[in-house]
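These notes concern the structure reproduced below.
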Amino acid sequence: MLKIAIAGTGWFAEKHASLLAAREDAQVVAFLGSSLPKAEKIARQFAGAQAFDNIEQMLDTSKPDAVYISVPPLAHGEIEEAILERELPFLVEKPIGLEMAAVNRIQAKIASKDIITSVGYHIRYTDTVQRAKELLATRKVGMAVGSWLGDMPGVHWWRKQNGSGGQFVEQTTHIVDLVRYLVGEVEEVYAAYAQRHMHTVHDGVEVADVGAVTLKLAGGAIASITNTCMLPFGHRSGLELFTDKGVLEIQQNRCLINHEGAWKTEYKNLLNPYELETDAFLHALKTGDRSRILTDYADAAVTLRITLAALESSISGMPVKIG
Ligand SMILES: NC(=O)c1ccc[n+]([C@@H]2O[C@H](COP(=O)([O-])OP(=O)(O)OC[C@H]3O[C@@H](n4cnc5c(N)ncnc54)[C@H](O)[C@@H]3O)[C@@H](O)[C@H]2O)c1
C-alpha cells in the first residue's frame, strides 16, 4: 500500500484524494493546509488521514511514499524543497510556480537526485489527444488555433497577479502544453493583454481579462491562442490544428473531430484522464517505470517559461525569444 500525503485542501486536492481513496494500492495519510482547521476539515473525509499546517512535520510524522501538491501557484517553493530534502517523489498541479529562478532550482535538485515527478497536465491523458497524436504522425501542421474562453474563478488568489500569474499562466497553460505536445516547441512569443471588465466587477482584480498570444514554433508552424475570463459563464476551450489533410478539432475533455473535406469523424473521450494520470504516477512509484507519465517537472518548466514570456511580452510590447 502506497502512503500518499497531500499538500492543499481545496477542491482539486479533494479531487486527487478521492481518486486515490478509490484505489486498492494507495492510502491518503495526511493533508497540509494553510491553517490546521482547513487541513482537519478535509482529513475528516478520508479515513486514517492526519492534518498538518507545517510541511516538515507532515513529512516527518506521516512518512509518505510520495506527495501530491495541489496548492495555488503562489504557494510553490518551500513545499517542493522540503519534499526534495527527503528525496520523495511528487505529483504537482500546474502551473508549477510563478518564477523561473525558483523552478530551475527545484528542477536542478530533482535531476541530481533522479526523483520521480509528474505534473497535472491531465488533457494529455485524454484518449482523444492520444488519437490526435496518432493522426498527426502522418500529417503536417501549418497552424494551431487555441482558446480558453470563460468566467473568472471565484477564489481570491486567482485575481492577483502574484497569486495566479493571470489566466494564461494559470488556465491557458493547458492549451500551450497541448501545442508543445502535439505540434512542437515554442521559439518566440508575442502577446497583447487588456483589462476590460472584471476589475469593475470585483475589488482588487489585477489580472488581465482578455489576451491574444502568437507563438512561433520550431520547424516553422505558428500558433494563435486567445483567452478571456470576462464572460458570465464558461464558454469553451480547445485547440484546432490546421494540417495538409484537414482540421483536427480538440474540444477539451469532450471529443476530437477530424474534418477531412466532406468527411467528419468524431471521437468521444471514453476514459477518465485524471485516473490515467494517477495510475501512471503510482505505476512509476511501484515499478520505477516512468514511461506512462506524460509530463514531468522538467517538461512543465518549459511550458511555464512560455506562459511567463507571454506576460513579459504583454508588458513590454515586444516579442520574447525562448532560449
Ligand atoms: N489539472 C486540472 O484540471 C486542475 C483543475 C483545478 C485546479 N487545478 C490546480 O490545482 C491547484 C489548486 O487549485 P484549487 O482549485 O484546488 O484551489 P483552491 O483555492 O480551491 O484550493 C487551494 C488550497 O490550497 C491551500 N493552500 C494555500 N497555500 C497553501 C500552503 N502554503 N500550504 C498548504 N496549503 C495551501 C488553500 O488553503 C486552499 O485550500 C492550482 O494550481 C490549480 O491550477 C488543476
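Naming scheme: A, B, ... for chains in displayed order of the C-alpha cells; residues 1 onward per chain; ligands 1 onward as shown.
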- Message: I need the strand (DSSP E) residues of range 154-292 of chain A per DSSP on the backbone, written as JSON, numbers by chain.
- Response: {"A": [186, 187, 188, 189, 190, 191, 192, 193, 194, 210, 211, 212, 213, 214, 215, 216, 217, 222, 223, 224, 225, 226, 227, 228, 236, 237, 238, 239, 240, 241, 242, 243, 246, 247, 248, 249, 250, 251, 255, 256, 257, 258, 259, 260, 263, 264, 265, 266, 267, 268]}
- Task: Write out as a PyMOL selection string which residues come within 12 Å of Val28 in chain A when counting only C-alpha atoms, dropping same-chain ones fewer than 6 positions away.
- Result: chain A and resi 1-7+13-14+16-22+42-51+62-68
Can I get the selection written as a PDB file, in the first residue's frame, with C-alpha atoms?
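Everything below was put into result.pdb:
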ATOM      1  CA  MET A   1       0.000   0.000   0.000  1.00  0.00           C
ATOM      2  CA  LEU A   2       1.458   3.365  -1.058  1.00  0.00           C
ATOM      3  CA  LYS A   3       1.165   6.108   1.557  1.00  0.00           C
ATOM      4  CA  ILE A   4       0.347   9.462  -0.086  1.00  0.00           C
ATOM      5  CA  ALA A   5       0.402  12.854   1.636  1.00  0.00           C
ATOM      6  CA  ILE A   6      -1.396  15.798   0.029  1.00  0.00           C
ATOM      7  CA  ALA A   7      -0.360  19.466   0.232  1.00  0.00           C
ATOM      8  CA  ALA A  13      -6.759  18.432  -3.510  1.00  0.00           C
ATOM      9  CA  GLU A  14     -10.069  16.774  -2.675  1.00  0.00           C
ATOM     10  CA  HIS A  16      -6.948  13.893  -6.113  1.00  0.00           C
ATOM     11  CA  ALA A  17      -7.652  12.467  -2.649  1.00  0.00           C
ATOM     12  CA  SER A  18     -10.924  10.900  -3.880  1.00  0.00           C
ATOM     13  CA  LEU A  19      -9.140   9.310  -6.867  1.00  0.00           C
ATOM     14  CA  LEU A  20      -6.500   7.868  -4.535  1.00  0.00           C
ATOM     15  CA  ALA A  21      -9.047   6.696  -1.958  1.00  0.00           C
ATOM     16  CA  ALA A  22     -10.900   4.751  -4.665  1.00  0.00           C
ATOM     17  CA  ILE A  42     -10.656  17.671   4.697  1.00  0.00           C
ATOM     18  CA  ALA A  43      -8.767  14.986   6.684  1.00  0.00           C
ATOM     19  CA  ARG A  44     -12.037  14.004   8.392  1.00  0.00           C
ATOM     20  CA  GLN A  45     -13.377  12.885   4.983  1.00  0.00           C
ATOM     21  CA  PHE A  46     -10.557  10.347   4.450  1.00  0.00           C
ATOM     22  CA  ALA A  47     -10.194   7.525   6.970  1.00  0.00           C
ATOM     23  CA  GLY A  48      -6.753   7.423   8.566  1.00  0.00           C
ATOM     24  CA  ALA A  49      -5.624  10.835   7.258  1.00  0.00           C
ATOM     25  CA  GLN A  50      -3.871  13.225   9.661  1.00  0.00           C
ATOM     26  CA  ALA A  51      -3.924  17.045   9.444  1.00  0.00           C
ATOM     27  CA  SER A  62       3.206  10.708   8.255  1.00  0.00           C
ATOM     28  CA  LYS A  63       6.288   9.332   6.416  1.00  0.00           C
ATOM     29  CA  PRO A  64       4.621   9.168   2.981  1.00  0.00           C
ATOM     30  CA  ASP A  65       5.970   7.269  -0.021  1.00  0.00           C
ATOM     31  CA  ALA A  66       5.033  10.242  -2.243  1.00  0.00           C
ATOM     32  CA  VAL A  67       3.324  13.635  -2.084  1.00  0.00           C
ATOM     33  CA  TYR A  68       0.620  15.304  -4.185  1.00  0.00           C
TER      34      TYR A  68
END
Closest-contact table, chain A side, partner ligand 1, 6 Å, counting only C-alpha atoms and all ligand atoms, as CSV:
residue,atom,partner,partner_atom_place_in_ligand_line,distance
A:Ala7,CA,ligand 1,33 (C),5.1
A:Gly8,CA,ligand 1,34 (N),3.9
A:Thr9,CA,ligand 1,39 (O),3.8
A:Gly10,CA,ligand 1,21 (O),3.1
A:Trp11,CA,ligand 1,16 (O),4.2
A:Phe12,CA,ligand 1,16 (O),3.7
A:Ala13,CA,ligand 1,16 (O),5.5
A:Leu32,CA,ligand 1,33 (C),5.0
A:Gly33,CA,ligand 1,34 (N),3.9
A:Ser34,CA,ligand 1,35 (C),4.3
A:Ser70,CA,ligand 1,11 (C),4.4
A:Val71,CA,ligand 1,24 (O),4.0
A:Pro72,CA,ligand 1,40 (C),4.5
A:Pro73,CA,ligand 1,41 (O),5.2
A:Ala75,CA,ligand 1,31 (N),4.7
A:Glu93,CA,ligand 1,10 (O),5.0
A:Lys94,CA,ligand 1,41 (O),5.1
A:Pro95,CA,ligand 1,41 (O),5.5
A:Gly120,CA,ligand 1,1 (N),4.8
A:Tyr121,CA,ligand 1,1 (N),5.6
A:His122,CA,ligand 1,1 (N),5.7
A:Val155,CA,ligand 1,19 (O),5.4
A:Glu170,CA,ligand 1,43 (O),5.6
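In this comparison, which uses only C-alpha atoms, the residue of A:Lys41, A:Lys133, A:Arg305, A:Arg86 approaching Glu185 in chain A most closely is A:Arg305.
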- Task: Going by DSSP on the backbone, which bits of range 109-321 of chain A are helix (DSSP H, G or I)? Write them as JSON, numbers by chain, please.
- Result: {"A": [109, 110, 111, 112, 113, 122, 123, 124, 125, 127, 128, 129, 130, 131, 132, 133, 134, 135, 136, 156, 157, 158, 159, 161, 162, 163, 164, 167, 168, 169, 170, 173, 174, 175, 176, 177, 178, 179, 180, 181, 182, 198, 199, 200, 201, 273, 274, 275, 276, 277, 278, 279, 280, 281, 282, 283, 284, 285, 286, 287, 297, 298, 299, 300, 301, 302, 303, 304, 305, 306, 307, 308, 309, 310, 311, 312, 313, 314, 315, 316]}
- Message: List the spatial neighbours of Lys160 in chain A as a VMD selection string - criterion: any atom at most 12 Å away, only C-alpha atoms, same-chain residues fewer than 5 positions off excluded.
- Response: chain A and resid 72 to 74 98 152 to 155 165 to 167 170 199 202 to 209
- Message: Here is a test: counting only C-alpha atoms, which residue of A:Val302, A:Val186, A:Ile250, A:Ile322 is nearest to Asn104 in chain A?
- Response: A:Val302
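A straight line drawn from CA of Glu78 in chain A to CA of Thr303 in chain A is 21.1 Å long.
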Determine, counting only C-alpha atoms, which protein, DNA and RNA residues have an atom within 12 Å of an atom of Gly317 in chain A; residues of the same chain fewer than 3 positions away are not included. Present the result as a short mmCIF file (atom, residue, chain, number, x, y, z; two decimals) with N, CA and C atoms, in the first residue's frame.
data_model
loop_
_atom_site.label_atom_id
_atom_site.label_comp_id
_atom_site.auth_asym_id
_atom_site.auth_seq_id
_atom_site.Cartn_x
_atom_site.Cartn_y
_atom_site.Cartn_z
N VAL A 189 7.46 34.32 -28.60
CA VAL A 189 6.13 34.62 -28.06
C VAL A 189 5.87 36.12 -28.18
N TYR A 190 4.66 36.46 -28.65
CA TYR A 190 4.23 37.87 -28.62
C TYR A 190 2.81 37.91 -28.05
N ALA A 191 2.54 38.83 -27.14
CA ALA A 191 1.22 38.84 -26.50
C ALA A 191 0.67 40.26 -26.33
N ALA A 192 -0.65 40.37 -26.46
CA ALA A 192 -1.35 41.61 -26.09
C ALA A 192 -2.44 41.24 -25.08
N TYR A 193 -2.42 41.91 -23.92
CA TYR A 193 -3.41 41.65 -22.86
C TYR A 193 -4.13 42.96 -22.56
N VAL A 213 -2.31 35.75 -27.92
CA VAL A 213 -0.89 35.38 -27.90
C VAL A 213 -0.53 34.68 -29.20
N ALA A 309 6.73 34.20 -20.48
CA ALA A 309 7.24 35.05 -21.57
C ALA A 309 6.08 35.84 -22.20
N ALA A 310 4.90 35.22 -22.26
CA ALA A 310 3.74 35.93 -22.81
C ALA A 310 3.39 37.13 -21.93
N LEU A 311 3.45 36.93 -20.61
CA LEU A 311 3.18 38.05 -19.69
C LEU A 311 4.22 39.15 -19.89
N GLU A 312 5.49 38.75 -20.00
CA GLU A 312 6.58 39.71 -20.22
C GLU A 312 6.33 40.50 -21.51
N SER A 313 5.93 39.80 -22.56
CA SER A 313 5.68 40.46 -23.85
C SER A 313 4.50 41.43 -23.76
N SER A 314 3.47 41.03 -23.01
CA SER A 314 2.27 41.89 -22.90
C SER A 314 2.62 43.20 -22.20
N VAL A 320 9.19 37.95 -27.32
CA VAL A 320 10.22 37.38 -26.43
C VAL A 320 10.68 36.06 -27.01
#
- Query: CA of Lys113 in chain A and CA of Glu87 in chain A are how many Å apart?
  - Reply: 7.1 Å
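From CA of Leu91 in chain A back to CA of Asp177 in chain A, the distance works out to 16.7 Å.
The shortest atom-to-atom distance to Asn162 in chain A, with only C-alpha atoms taken into account, belongs to A:Leu308 out of A:Ile257, A:Gln27, A:Leu308, A:Glu275.
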